[in-house]
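Here is the file upload_18.pdb (PDB, C-alpha atoms and all ligand atoms).
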MODEL        1
ATOM      1  CA  MET A1094     -17.392  15.120  -5.389
ATOM      2  CA  SER A1095     -14.617  14.682  -7.888
ATOM      3  CA  HIS A1096     -15.034  15.826 -11.499
ATOM      4  CA  THR A1097     -12.501  13.317 -12.802
ATOM      5  CA  THR A1098     -13.700  11.187 -15.710
ATOM      6  CA  ALA A1099     -13.912   7.608 -14.505
ATOM      7  CA  LEU A1100     -11.820   4.992 -16.262
ATOM      8  CA  GLN A1101     -13.846   2.509 -18.298
ATOM      9  CA  GLN A1102     -11.553  -0.427 -17.541
ATOM     10  CA  LYS A1103     -12.762  -3.325 -15.415
ATOM     11  CA  ILE A1104     -10.578  -4.139 -12.424
ATOM     12  CA  ALA A1105     -10.510  -7.436 -10.508
ATOM     13  CA  PHE A1106      -8.953  -7.464  -7.034
ATOM     14  CA  ILE A1107      -7.660 -10.902  -6.034
ATOM     15  CA  GLY A1108      -7.646 -10.535  -2.256
ATOM     16  CA  ALA A1109      -9.975  -8.117  -0.479
ATOM     17  CA  GLY A1110      -7.930  -7.208   2.605
ATOM     18  CA  SER A1111      -6.601  -3.914   4.001
ATOM     19  CA  ILE A1112      -4.515  -2.717   1.095
ATOM     20  CA  ALA A1113      -7.061  -3.751  -1.565
ATOM     21  CA  GLU A1114      -9.727  -1.832   0.357
ATOM     22  CA  SER A1115      -7.530   1.250   0.639
ATOM     23  CA  ILE A1116      -7.065   1.265  -3.162
ATOM     24  CA  PHE A1117     -10.649   0.585  -4.262
ATOM     25  CA  ARG A1118     -12.049   2.939  -1.649
ATOM     26  CA  GLY A1119      -9.639   5.653  -2.796
ATOM     27  CA  ILE A1120     -10.304   5.252  -6.527
ATOM     28  CA  ILE A1121     -14.081   5.136  -6.012
ATOM     29  CA  GLU A1122     -14.089   8.213  -3.782
ATOM     30  CA  LYS A1123     -11.915  10.087  -6.289
ATOM     31  CA  GLY A1124     -14.258   9.084  -9.127
ATOM     32  CA  ILE A1125     -11.408   7.308 -10.947
ATOM     33  CA  ALA A1126     -13.384   4.071 -11.221
ATOM     34  CA  ILE A1127     -17.055   3.274 -10.885
ATOM     35  CA  PRO A1128     -18.028   0.579  -8.371
ATOM     36  CA  GLU A1129     -19.758  -1.579 -11.024
ATOM     37  CA  ASN A1130     -16.409  -1.987 -12.813
ATOM     38  CA  ILE A1131     -14.678  -3.250  -9.690
ATOM     39  CA  PHE A1132     -14.766  -6.870  -8.622
ATOM     40  CA  ALA A1133     -13.142  -8.390  -5.536
ATOM     41  CA  VAL A1134     -12.681 -11.928  -4.314
ATOM     42  CA  ASN A1135     -10.940 -13.380  -1.297
ATOM     43  CA  ARG A1136     -10.053 -16.830  -0.084
ATOM     44  CA  GLN A1137     -12.625 -17.599   2.574
ATOM     45  CA  SER A1138     -14.579 -14.810   4.225
ATOM     46  CA  ASP A1139     -18.077 -14.238   2.817
ATOM     47  CA  GLU A1140     -18.689 -11.674   5.593
ATOM     48  CA  ARG A1141     -15.759  -9.615   4.366
ATOM     49  CA  LEU A1142     -17.069  -9.686   0.774
ATOM     50  CA  GLU A1143     -20.515  -8.713   2.011
ATOM     51  CA  TYR A1144     -18.919  -5.790   3.866
ATOM     52  CA  VAL A1145     -17.061  -4.509   0.779
ATOM     53  CA  ARG A1146     -20.164  -4.976  -1.385
ATOM     54  CA  ASP A1147     -22.373  -3.073   1.060
ATOM     55  CA  THR A1148     -19.838  -0.360   1.826
ATOM     56  CA  TYR A1149     -18.512   0.415  -1.651
ATOM     57  CA  GLY A1150     -21.133  -0.986  -4.023
ATOM     58  CA  ILE A1151     -18.506  -3.069  -5.828
ATOM     59  CA  ARG A1152     -19.145  -6.600  -7.048
ATOM     60  CA  ALA A1153     -17.653  -9.168  -4.696
ATOM     61  CA  THR A1154     -18.378 -12.866  -4.569
ATOM     62  CA  ARG A1155     -16.651 -16.215  -4.267
ATOM     63  CA  HIS A1156     -19.261 -17.852  -6.488
ATOM     64  CA  PRO A1157     -16.985 -19.737  -8.938
ATOM     65  CA  GLN A1158     -18.810 -18.815 -12.162
ATOM     66  CA  GLU A1159     -19.076 -15.109 -11.412
ATOM     67  CA  ARG A1160     -15.550 -15.056 -10.038
ATOM     68  CA  ASP A1161     -14.109 -16.684 -13.175
ATOM     69  CA  ARG A1162     -16.137 -14.485 -15.507
ATOM     70  CA  SER A1163     -15.116 -11.313 -13.651
ATOM     71  CA  ILE A1164     -11.441 -12.245 -13.775
ATOM     72  CA  ARG A1165     -11.683 -13.148 -17.484
ATOM     73  CA  GLU A1166     -13.450  -9.886 -18.313
ATOM     74  CA  ALA A1167     -11.113  -7.668 -16.306
ATOM     75  CA  ASP A1168      -8.691  -5.326 -18.077
ATOM     76  CA  ILE A1169      -6.615  -5.103 -14.909
ATOM     77  CA  VAL A1170      -6.070  -7.862 -12.359
ATOM     78  CA  VAL A1171      -4.672  -6.674  -9.029
ATOM     79  CA  LEU A1172      -2.868  -9.236  -6.866
ATOM     80  CA  ASN A1173      -3.412  -8.386  -3.191
ATOM     81  CA  MET A1174      -2.819 -11.561  -1.256
ATOM     82  CA  LYS A1175      -0.252 -12.073   1.491
ATOM     83  CA  PRO A1176       3.107 -13.279   0.177
ATOM     84  CA  LYS A1177       2.507 -16.750   1.646
ATOM     85  CA  ASP A1178      -0.666 -17.097  -0.476
ATOM     86  CA  ALA A1179       0.856 -15.675  -3.668
ATOM     87  CA  ALA A1180       2.080 -18.862  -5.364
ATOM     88  CA  SER A1181      -1.184 -20.787  -4.915
ATOM     89  CA  GLY A1182      -3.406 -17.737  -5.426
ATOM     90  CA  ILE A1183      -1.708 -16.786  -8.715
ATOM     91  CA  ALA A1184      -1.631 -20.370  -9.995
ATOM     92  CA  GLU A1185      -5.388 -20.672  -9.289
ATOM     93  CA  ILE A1186      -6.262 -17.797 -11.638
ATOM     94  CA  ALA A1187      -3.547 -18.266 -14.290
ATOM     95  CA  HIS A1188      -5.795 -20.301 -16.633
ATOM     96  CA  LEU A1189      -8.353 -17.455 -16.670
ATOM     97  CA  LEU A1190      -5.928 -14.799 -17.897
ATOM     98  CA  ARG A1191      -5.075 -13.473 -21.361
ATOM     99  CA  PRO A1192      -1.684 -11.985 -22.161
ATOM    100  CA  ASP A1193      -3.189  -8.554 -22.828
ATOM    101  CA  GLN A1194      -4.509  -8.124 -19.281
ATOM    102  CA  LEU A1195      -2.441  -5.874 -17.057
ATOM    103  CA  ILE A1196      -1.324  -7.592 -13.861
ATOM    104  CA  VAL A1197      -0.798  -5.201 -10.958
ATOM    105  CA  SER A1198       0.900  -6.579  -7.860
ATOM    106  CA  VAL A1199       1.122  -4.957  -4.445
ATOM    107  CA  ILE A1200       2.793  -7.983  -2.850
ATOM    108  CA  ALA A1201       5.950  -7.100  -0.917
ATOM    109  CA  GLY A1202       9.099  -8.721  -2.253
ATOM    110  CA  LEU A1203       7.434 -10.653  -5.088
ATOM    111  CA  SER A1204       9.447  -9.995  -8.263
ATOM    112  CA  MET A1205       7.999  -9.670 -11.755
ATOM    113  CA  GLU A1206      10.090 -12.645 -12.790
ATOM    114  CA  THR A1207       8.503 -14.802 -10.068
ATOM    115  CA  ILE A1208       5.015 -13.549 -10.981
ATOM    116  CA  GLN A1209       5.642 -14.557 -14.632
ATOM    117  CA  ARG A1210       6.751 -17.967 -13.446
ATOM    118  CA  PHE A1211       3.674 -18.451 -11.219
ATOM    119  CA  LEU A1212       1.489 -17.329 -14.142
ATOM    120  CA  GLY A1213       3.316 -19.592 -16.575
ATOM    121  CA  GLY A1214       3.624 -16.898 -19.240
ATOM    122  CA  THR A1215       4.653 -13.361 -20.099
ATOM    123  CA  PHE A1216       2.134 -10.750 -19.005
ATOM    124  CA  PRO A1217       2.406  -6.980 -18.759
ATOM    125  CA  ILE A1218       3.080  -6.304 -15.071
ATOM    126  CA  ALA A1219       3.010  -3.196 -12.905
ATOM    127  CA  ARG A1220       4.720  -4.091  -9.641
ATOM    128  CA  THR A1221       3.835  -1.592  -6.955
ATOM    129  CA  MET A1222       4.382  -0.802  -3.307
ATOM    130  CA  PRO A1223       1.531   1.373  -2.041
ATOM    131  CA  ASN A1224       0.643   2.159   1.557
ATOM    132  CA  THR A1225      -2.572   2.201   3.534
ATOM    133  CA  SER A1226      -2.868   6.010   3.467
ATOM    134  CA  SER A1227      -4.244   5.503  -0.069
ATOM    135  CA  THR A1228      -7.555   5.068   1.775
ATOM    136  CA  ILE A1229      -7.771   8.838   2.244
ATOM    137  CA  GLY A1230      -5.990   9.867  -0.954
ATOM    138  CA  LEU A1231      -2.670  10.463   0.819
ATOM    139  CA  GLY A1232      -0.906   7.274  -0.238
ATOM    140  CA  ALA A1233       2.706   7.028  -1.361
ATOM    141  CA  THR A1234       3.312   4.382  -4.020
ATOM    142  CA  GLY A1235       6.443   3.122  -5.743
ATOM    143  CA  ILE A1236       5.784   1.535  -9.142
ATOM    144  CA  SER A1237       7.817  -0.336 -11.724
ATOM    145  CA  PHE A1238       6.739  -1.686 -15.123
ATOM    146  CA  SER A1239       7.687  -4.792 -17.081
ATOM    147  CA  GLY A1240       8.835  -4.412 -20.693
ATOM    148  CA  SER A1241       5.552  -5.496 -22.279
ATOM    149  CA  VAL A1242       3.349  -2.906 -20.526
ATOM    150  CA  THR A1243       1.756  -0.741 -23.239
ATOM    151  CA  PRO A1244       1.829   3.059 -22.936
ATOM    152  CA  GLU A1245      -1.952   2.994 -22.320
ATOM    153  CA  GLN A1246      -1.634   0.408 -19.531
ATOM    154  CA  ARG A1247       1.177   2.425 -18.008
ATOM    155  CA  SER A1248      -0.911   5.563 -17.881
ATOM    156  CA  ILE A1249      -3.908   3.692 -16.454
ATOM    157  CA  ALA A1250      -1.781   2.149 -13.695
ATOM    158  CA  LEU A1251      -0.293   5.557 -12.912
ATOM    159  CA  ALA A1252      -3.782   7.113 -12.881
ATOM    160  CA  LEU A1253      -5.028   4.496 -10.407
ATOM    161  CA  PHE A1254      -2.292   5.164  -7.892
ATOM    162  CA  GLU A1255      -2.026   8.915  -8.547
ATOM    163  CA  ALA A1256      -5.735   9.045  -7.699
ATOM    164  CA  VAL A1257      -4.895   7.881  -4.207
ATOM    165  CA  GLY A1258      -1.677   9.764  -3.526
ATOM    166  CA  VAL A1259       1.823  10.406  -4.854
ATOM    167  CA  VAL A1260       3.612   7.956  -7.135
ATOM    168  CA  ALA A1261       7.327   7.405  -7.754
ATOM    169  CA  VAL A1262       8.339   5.344 -10.805
ATOM    170  CA  VAL A1263      11.454   3.393  -9.823
ATOM    171  CA  ASP A1264      13.613   0.529 -11.085
ATOM    172  CA  GLU A1265      12.213  -2.747  -9.829
ATOM    173  CA  HIS A1266      14.989  -3.472  -7.324
ATOM    174  CA  ARG A1267      14.335  -0.113  -5.643
ATOM    175  CA  LEU A1268      10.851  -1.262  -4.597
ATOM    176  CA  ASP A1269      12.490  -2.942  -1.598
ATOM    177  CA  ILE A1270      13.712   0.367  -0.194
ATOM    178  CA  VAL A1271      10.364   1.972  -1.115
ATOM    179  CA  THR A1272       8.814  -0.752   1.064
ATOM    180  CA  GLY A1273      11.149   0.226   3.917
ATOM    181  CA  VAL A1274      10.456   3.955   3.594
ATOM    182  CA  SER A1275       6.788   4.330   2.665
ATOM    183  CA  GLY A1276       5.177   0.864   2.446
ATOM    184  CA  SER A1277       5.822   0.071   6.106
ATOM    185  CA  GLY A1278       6.388   3.759   6.955
ATOM    186  CA  PRO A1279       2.928   4.608   8.324
ATOM    187  CA  ALA A1280       3.491   2.002  11.059
ATOM    188  CA  TYR A1281       6.651   3.779  12.297
ATOM    189  CA  ILE A1282       4.736   7.035  12.616
ATOM    190  CA  TYR A1283       1.841   5.294  14.412
ATOM    191  CA  TYR A1284       4.394   3.737  16.755
ATOM    192  CA  VAL A1285       5.749   7.170  17.673
ATOM    193  CA  MET A1286       2.192   8.492  18.037
ATOM    194  CA  GLU A1287       1.270   5.653  20.399
ATOM    195  CA  ALA A1288       4.241   6.604  22.594
ATOM    196  CA  MET A1289       3.410  10.333  22.515
ATOM    197  CA  ILE A1290      -0.230   9.682  23.444
ATOM    198  CA  SER A1291       0.650   7.389  26.318
ATOM    199  CA  ALA A1292       3.236   9.874  27.644
ATOM    200  CA  GLY A1293       0.583  12.605  27.458
ATOM    201  CA  VAL A1294      -1.805  10.458  29.483
ATOM    202  CA  GLU A1295       0.969   9.623  31.948
ATOM    203  CA  GLY A1296       1.529  13.368  32.336
ATOM    204  CA  GLY A1297      -2.143  13.882  33.238
ATOM    205  CA  LEU A1298      -3.927  14.659  29.948
ATOM    206  CA  SER A1299      -7.157  12.908  29.089
ATOM    207  CA  GLU A1300      -6.803  10.215  26.405
ATOM    208  CA  GLU A1301      -8.919  12.411  24.132
ATOM    209  CA  SER A1302      -6.716  15.502  24.547
ATOM    210  CA  ALA A1303      -3.478  13.541  24.252
ATOM    211  CA  ARG A1304      -4.746  11.976  21.049
ATOM    212  CA  GLN A1305      -6.019  15.248  19.567
ATOM    213  CA  LEU A1306      -2.795  17.132  20.328
ATOM    214  CA  THR A1307      -0.626  14.302  18.981
ATOM    215  CA  VAL A1308      -2.591  13.910  15.764
ATOM    216  CA  GLN A1309      -2.510  17.644  15.055
ATOM    217  CA  THR A1310       1.205  17.773  15.818
ATOM    218  CA  VAL A1311       2.022  15.004  13.329
ATOM    219  CA  LEU A1312      -0.327  16.439  10.713
ATOM    220  CA  GLY A1313       1.109  19.924  11.185
ATOM    221  CA  ALA A1314       4.722  18.734  11.066
ATOM    222  CA  ALA A1315       4.189  16.808   7.802
ATOM    223  CA  GLN A1316       2.284  19.725   6.279
ATOM    224  CA  MET A1317       5.045  22.164   7.339
ATOM    225  CA  VAL A1318       7.691  20.107   5.516
ATOM    226  CA  LYS A1319       5.466  19.953   2.458
ATOM    227  CA  THR A1320       4.285  23.571   2.405
ATOM    228  CA  THR A1321       7.472  25.428   3.365
ATOM    229  CA  ASN A1322       9.787  23.142   1.381
ATOM    230  CA  GLU A1323      12.292  23.532   4.201
ATOM    231  CA  LEU A1324      14.344  20.538   5.224
ATOM    232  CA  PRO A1325      13.056  18.644   8.277
ATOM    233  CA  GLY A1326      16.384  19.375  10.018
ATOM    234  CA  GLU A1327      15.926  23.120   9.445
ATOM    235  CA  LEU A1328      12.358  23.044  10.784
ATOM    236  CA  ARG A1329      13.545  21.049  13.784
ATOM    237  CA  ARG A1330      16.144  23.716  14.593
ATOM    238  CA  LYS A1331      13.377  26.362  14.594
ATOM    239  CA  VAL A1332      11.506  24.421  17.293
ATOM    240  CA  THR A1333      14.629  23.977  19.380
ATOM    241  CA  SER A1334      15.359  26.963  21.639
ATOM    242  CA  PRO A1335      18.860  26.949  23.159
ATOM    243  CA  ASN A1336      18.839  25.034  26.400
ATOM    244  CA  GLY A1337      15.063  24.690  26.207
ATOM    245  CA  THR A1338      12.606  21.815  26.351
ATOM    246  CA  THR A1339      13.076  20.509  22.807
ATOM    247  CA  GLN A1340      16.833  20.451  23.191
ATOM    248  CA  ALA A1341      16.430  18.378  26.350
ATOM    249  CA  ALA A1342      14.128  15.959  24.528
ATOM    250  CA  ILE A1343      16.332  15.659  21.433
ATOM    251  CA  GLU A1344      19.398  15.046  23.588
ATOM    252  CA  LEU A1345      17.601  12.089  25.145
ATOM    253  CA  LEU A1346      16.637  10.778  21.671
ATOM    254  CA  GLU A1347      20.253  11.179  20.545
ATOM    255  CA  GLU A1348      21.610   9.385  23.628
ATOM    256  CA  ASN A1349      19.314   6.516  22.692
ATOM    257  CA  ARG A1350      20.391   6.668  19.041
ATOM    258  CA  VAL A1351      16.797   6.930  17.893
ATOM    259  CA  ALA A1352      17.664   8.427  14.457
ATOM    260  CA  ASN A1353      20.066   5.576  13.908
ATOM    261  CA  SER A1354      17.405   3.064  14.969
ATOM    262  CA  VAL A1355      14.866   4.569  12.575
ATOM    263  CA  SER A1356      17.352   4.359   9.663
ATOM    264  CA  ARG A1357      18.196   0.815  10.571
ATOM    265  CA  ALA A1358      14.513  -0.070  10.823
ATOM    266  CA  VAL A1359      13.882   1.272   7.285
ATOM    267  CA  LEU A1360      16.847  -0.695   5.932
ATOM    268  CA  ARG A1361      15.777  -3.811   7.833
ATOM    269  CA  ALA A1362      12.298  -3.624   6.276
ATOM    270  CA  ALA A1363      13.926  -3.349   2.821
ATOM    271  CA  GLU A1364      16.150  -6.315   3.611
ATOM    272  CA  ARG A1365      13.081  -8.258   4.801
ATOM    273  CA  ALA A1366      11.350  -7.491   1.471
ATOM    274  CA  ARG A1367      14.383  -8.971  -0.319
ATOM    275  CA  GLU A1368      14.304 -12.051   1.918
ATOM    276  CA  MET A1369      10.593 -12.518   1.235
ATOM    277  CA  GLY A1370      11.206 -12.138  -2.513
ATOM    278  CA  LYS A1371      13.952 -14.727  -2.403
ATOM    279  CA  ALA A1372      11.777 -17.194  -0.496
ATOM    280  CA  LEU A1373       8.980 -16.668  -3.045
ATOM    281  CA  ALA A1374      11.403 -17.143  -5.961
ATOM    282  CA  GLU A1375      12.434 -20.468  -4.501
ATOM    283  CA  GLN A1376       8.820 -21.743  -4.427
ATOM    284  CA  SER A1377       7.727 -23.795  -7.402
TER     285      SER A1377
HETATM  286  N1  LIG B1401      -1.019  -3.608   4.574
HETATM  287  C1  LIG B1401      -0.148  -2.785   4.054
HETATM  288  O1  LIG B1401       0.170  -1.719   4.590
HETATM  289  C2  LIG B1401       0.497  -3.100   2.736
HETATM  290  C3  LIG B1401       0.420  -4.369   2.212
HETATM  291  N2  LIG B1401       1.040  -4.642   1.022
HETATM  292  C4  LIG B1401       0.958  -5.989   0.469
HETATM  293  O2  LIG B1401      -0.407  -6.254   0.253
HETATM  294  C5  LIG B1401      -0.636  -7.634   0.376
HETATM  295  C6  LIG B1401      -1.886  -7.847   1.197
HETATM  296  O3  LIG B1401      -1.688  -7.299   2.490
HETATM  297  P1  LIG B1401      -2.940  -6.922   3.399
HETATM  298  O4  LIG B1401      -3.992  -6.260   2.570
HETATM  299  O5  LIG B1401      -2.387  -6.227   4.570
HETATM  300  O6  LIG B1401      -3.414  -8.405   3.794
HETATM  301  P2  LIG B1401      -4.836  -8.936   4.238
HETATM  302  O7  LIG B1401      -4.618 -10.198   4.991
HETATM  303  O8  LIG B1401      -5.650  -7.839   4.838
HETATM  304  O9  LIG B1401      -5.522  -9.334   2.835
HETATM  305  C7  LIG B1401      -5.133 -10.441   2.066
HETATM  306  C8  LIG B1401      -6.351 -10.926   1.277
HETATM  307  O10 LIG B1401      -5.958 -11.928   0.345
HETATM  308  C9  LIG B1401      -6.967 -12.927   0.310
HETATM  309  N3  LIG B1401      -6.460 -14.166  -0.283
HETATM  310  C10 LIG B1401      -5.540 -15.029   0.187
HETATM  311  N4  LIG B1401      -5.387 -16.053  -0.678
HETATM  312  C11 LIG B1401      -6.218 -15.809  -1.726
HETATM  313  C12 LIG B1401      -6.531 -16.513  -2.905
HETATM  314  N5  LIG B1401      -5.942 -17.680  -3.222
HETATM  315  N6  LIG B1401      -7.449 -15.984  -3.759
HETATM  316  C13 LIG B1401      -8.064 -14.826  -3.464
HETATM  317  N7  LIG B1401      -7.808 -14.120  -2.337
HETATM  318  C14 LIG B1401      -6.904 -14.606  -1.483
HETATM  319  C15 LIG B1401      -7.394 -13.041   1.755
HETATM  320  O11 LIG B1401      -8.636 -13.727   1.859
HETATM  321  C16 LIG B1401      -7.452 -11.550   2.136
HETATM  322  O12 LIG B1401      -8.688 -10.990   1.708
HETATM  323  C17 LIG B1401       0.599  -8.266   0.985
HETATM  324  O13 LIG B1401       1.230  -9.044   0.002
HETATM  325  C18 LIG B1401       1.456  -7.089   1.386
HETATM  326  O14 LIG B1401       2.821  -7.351   1.143
HETATM  327  C19 LIG B1401       1.660  -3.669   0.286
HETATM  328  C20 LIG B1401       1.736  -2.403   0.749
HETATM  329  C21 LIG B1401       1.217  -2.012   2.034
HETATM  330  O1  LIG B1402       4.290  -5.572   6.526
HETATM  331  C1  LIG B1402       4.268  -5.926   5.340
HETATM  332  O2  LIG B1402       4.899  -6.933   4.964
HETATM  333  C2  LIG B1402       3.465  -5.129   4.351
HETATM  334  C3  LIG B1402       4.315  -4.566   3.238
HETATM  335  C4  LIG B1402       4.394  -3.093   3.474
HETATM  336  C5  LIG B1402       3.442  -2.841   4.546
HETATM  337  N1  LIG B1402       2.912  -3.945   4.993
ENDMDL
END
For this file, write the structure as structure tokens.
Ligand SMILES: NC(=O)C1=CN([C@@H]2O[C@H](COP(=O)(O)OP(=O)(O)OC[C@H]3O[C@@H](n4cnc5c(N)ncnc54)[C@H](O)[C@@H]3O)[C@@H](O)[C@H]2O)C=CC1
Ligand SMILES: O=C(O)[C@@H]1CCC=N1
Amino acid sequence: MSHTTALQQKIAFIGAGSIAESIFRGIIEKGIAIPENIFAVNRQSDERLEYVRDTYGIRATRHPQERDRSIREADIVVLNMKPKDAASGIAEIAHLLRPDQLIVSVIAGLSMETIQRFLGGTFPIARTMPNTSSTIGLGATGISFSGSVTPEQRSIALALFEAVGVVAVVDEHRLDIVTGVSGSGPAYIYYVMEAMISAGVEGGLSEESARQLTVQTVLGAAQMVKTTNELPGELRRKVTSPNGTTQAAIELLEENRVANSVSRAVLRAAERAREMGKALAEQS
């Protein structure tokens, strides 16, 4: 159990999908917010709302009166819909909002300027790029604030995301590269893990052993970088005996320009965030 004092603010999550769940699960488990102060709504799935209600004890309903009241009463309104649903989803709630409510967005690419336009007014905004590891308190979030965010709102927004991992405050345009590095980042690591597990199985390990060894290897490697403070390149050299197995493996990765592909993938994700932001800005 955490001994953190819970925030008193009410938080409404518009969208109750994967990333919303990772945030409210994380802040509840860390004792940063109490379930009664959290409300969530989605577009169509009552089963999903029932699941989040039963699992986390939060309030979640699509009943129009309770939905509207919960959004009106919220101190913080978190926008968690897919980019394609952002324009309509934001316009639907705009009439319920007051200019002193903090709007938090996790939507990739969506700029604060476009959010203001969809809302039809100037609101304090914290634009963020979290990742799904927030679920277990190991998230990595980039965050940027609009000019009208009060110091209190700023510290509450930071507390929410610091409760579920590390936070980097960045200029808004840098959120695109944050998306490329850490927003989409868990998927690159899972991709490598999938390949390591299937190679282990191909080599004769049971699925269970291949999975266990891979998971511990990734966990240990990340923890080594964090704990020793050594550069990943330095740690890699310590694994690599001259003319040994690791050298043979790294040579194959180099021949296939895997490092270059990973860098390009990160930059491509950032570029995609910019493209998505541009498409959203062009919507009316
Ligand atoms: N999944 C991830 O790793 C990350 C996602 N994001 C961003 O989070 C956002 C959501 O992504 P996911 O959680 O993966 O999607 P998801 O599909 O799991 O959840 C989206 C939710 O929004 C709801 N929704 C759609 N229109 C709505 C409306 N008009 N009113 C209320 N709810 C509405 C849907 O019913 C659903 O519950 C995206 O914009 C994405 O860019 C940001 C960081 C990481
Ligand atoms: O794939 C996406 O667009 C979202 C943003 C970062 C992670 N998932």
Margin query: List the spatial neighbours of Glu1287 in chain A as a list in words - criterion: any atom at most 12 Å away, only C-alpha atoms, same-chain residues fewer than 6 positions off excluded.
Written below: Ala1280, Tyr1281, Gly1293, Val1294, Glu1300, Ala1303, Arg1304, Thr1307, Val1308 and Val1311 of chain A
Next item on the list: Carefully work through the PyMOL selection byres (((chain A and resi 1165) around 10) and not hetatm) for this structure and note down the residues it includes, as a PyMOL selection string.
Entry: chain A and resi 1105+1159-1164+1166-1170+1186+1188-1191+1194
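Straight-line separation from atom C2 of ligand LIG 1402 (chain B) to CA of Leu1203 in chain A: 11.6 Å.
Minimum distance to Leu1100 in chain A across A:Pro1244, A:Ala1366, A:Leu1253, A:Arg1146 (counting all atoms listed in the file) occurs at A:Leu1253.
The closest residue to Ile1151 in chain A, picked from A:Ile1343, A:Val1197, A:Ile1127, A:Leu1231 and counting only C-alpha atoms, is A:Ile1127.
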Notebook entry, point to check: Got a sec: who's within 6 Å of Gly1230 in chain A, counting only C-alpha atoms, leaving out chain neighbours fewer than 2 positions off, as number ranges by chain?
Noted result: A: 1119, 1227-1228, 1232, 1257-1258
How would you write, as a JSON list (two decimals) with C-alpha atoms, in the frame of the given file, the residues chosen by the PyMOL selection byres (((chain A and resi 1222) around 9) and not hetatm) on this structure?
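Writing the result to expr-v4.json gives the following:
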[["chain", "number", "residue", "atom", "x", "y", "z"],
["A", 1198, "SER", "CA", 0.90, -6.58, -7.86],
["A", 1199, "VAL", "CA", 1.12, -4.96, -4.44],
["A", 1200, "ILE", "CA", 2.79, -7.98, -2.85],
["A", 1201, "ALA", "CA", 5.95, -7.10, -0.92],
["A", 1220, "ARG", "CA", 4.72, -4.09, -9.64],
["A", 1221, "THR", "CA", 3.84, -1.59, -6.96],
["A", 1223, "PRO", "CA", 1.53, 1.37, -2.04],
["A", 1224, "ASN", "CA", 0.64, 2.16, 1.56],
["A", 1233, "ALA", "CA", 2.71, 7.03, -1.36],
["A", 1234, "THR", "CA", 3.31, 4.38, -4.02],
["A", 1235, "GLY", "CA", 6.44, 3.12, -5.74],
["A", 1236, "ILE", "CA", 5.78, 1.54, -9.14],
["A", 1268, "LEU", "CA", 10.85, -1.26, -4.60],
["A", 1269, "ASP", "CA", 12.49, -2.94, -1.60],
["A", 1271, "VAL", "CA", 10.36, 1.97, -1.12],
["A", 1272, "THR", "CA", 8.81, -0.75, 1.06],
["A", 1275, "SER", "CA", 6.79, 4.33, 2.66],
["A", 1276, "GLY", "CA", 5.18, 0.86, 2.45]]
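Each of A:Gly1108, A:Pro1157, A:Gly1370, A:Gly1214 was compared to Ser1138 in chain A using only C-alpha atoms, and A:Gly1108 turns out to be the nearest.
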Checklist line | Nearest candidate to ligand LIG 1401 (chain B) (options A:Arg1118, A:Arg1141, A:His1266, A:Lys1175; using all atoms listed in the file) | finding: A:Lys1175
Kindly provide, as AutoDock Vina command-line options, the centre and edge lengths (Å, one decimal) of an axis-aligned box around all atoms of range 1179-1198 of chain A given in the file, with 6 Å on each side.
--center_x -3.1 --center_y -13.0 --center_z -13.2 --size_x 22.4 --size_y 27.6 --size_z 31.2
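Compared by their closest atoms to ligand LIG 1401 (chain B), and using only C-alpha atoms and all ligand atoms, the residues A:Val1355, A:Ala1153, A:Ile1104, A:Ile1120 rank with A:Ala1153 nearest.
The gap separating CA of Gly1124 in chain A from CA of Thr1320 in chain A is 26.2 Å, in Å to one decimal.
With all atoms listed in the file as the basis for measurement, A:Ile1270 is the residue among A:Tyr1284, A:Ile1270, A:Lys1331, A:Glu1206 that approaches Ala1362 in chain A most closely.
Across the chains present, the PyMOL selection byres (((chain A and resi 1312-1314) around 12) and not hetatm) applied to this file returns Leu1231, Ile1282, Tyr1283, Met1286, Gln1305, Leu1306, Thr1307, Val1308, Gln1309, Thr1310, Val1311, Ala1315, Gln1316, Met1317, Val1318, Lys1319, Thr1320, Thr1321, Asn1322, Glu1323, Leu1324, Pro1325, Gly1326, Leu1328, Arg1329 and Val1332 of chain A.
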Pull C-alpha atoms from the residues just selected and write them as a compact mmCIF listing (two decimals), keeping the file's coordinate frame.
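The result, written out as again11.txt:
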# COMPACT_ATOMS: atom_id res chain seq x y z
CA LEU A 1231 -2.67 10.46 0.82
CA ILE A 1282 4.74 7.04 12.62
CA TYR A 1283 1.84 5.29 14.41
CA MET A 1286 2.19 8.49 18.04
CA GLN A 1305 -6.02 15.25 19.57
CA LEU A 1306 -2.80 17.13 20.33
CA THR A 1307 -0.63 14.30 18.98
CA VAL A 1308 -2.59 13.91 15.76
CA GLN A 1309 -2.51 17.64 15.06
CA THR A 1310 1.20 17.77 15.82
CA VAL A 1311 2.02 15.00 13.33
CA ALA A 1315 4.19 16.81 7.80
CA GLN A 1316 2.28 19.73 6.28
CA MET A 1317 5.04 22.16 7.34
CA VAL A 1318 7.69 20.11 5.52
CA LYS A 1319 5.47 19.95 2.46
CA THR A 1320 4.28 23.57 2.40
CA THR A 1321 7.47 25.43 3.36
CA ASN A 1322 9.79 23.14 1.38
CA GLU A 1323 12.29 23.53 4.20
CA LEU A 1324 14.34 20.54 5.22
CA PRO A 1325 13.06 18.64 8.28
CA GLY A 1326 16.38 19.38 10.02
CA LEU A 1328 12.36 23.04 10.78
CA ARG A 1329 13.54 21.05 13.78
CA VAL A 1332 11.51 24.42 17.29
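We find CA of Ala1341 in chain A and CA of Gly1273 in chain A to be spaced 29.3 Å apart.
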Checklist line | Shell around Asn1135 in chain A at 8 Å using only C-alpha atoms, local window under 6 positions removed, as JSON, numbers by chain | finding: {"A": [1107, 1108, 1109, 1110, 1142, 1155]}
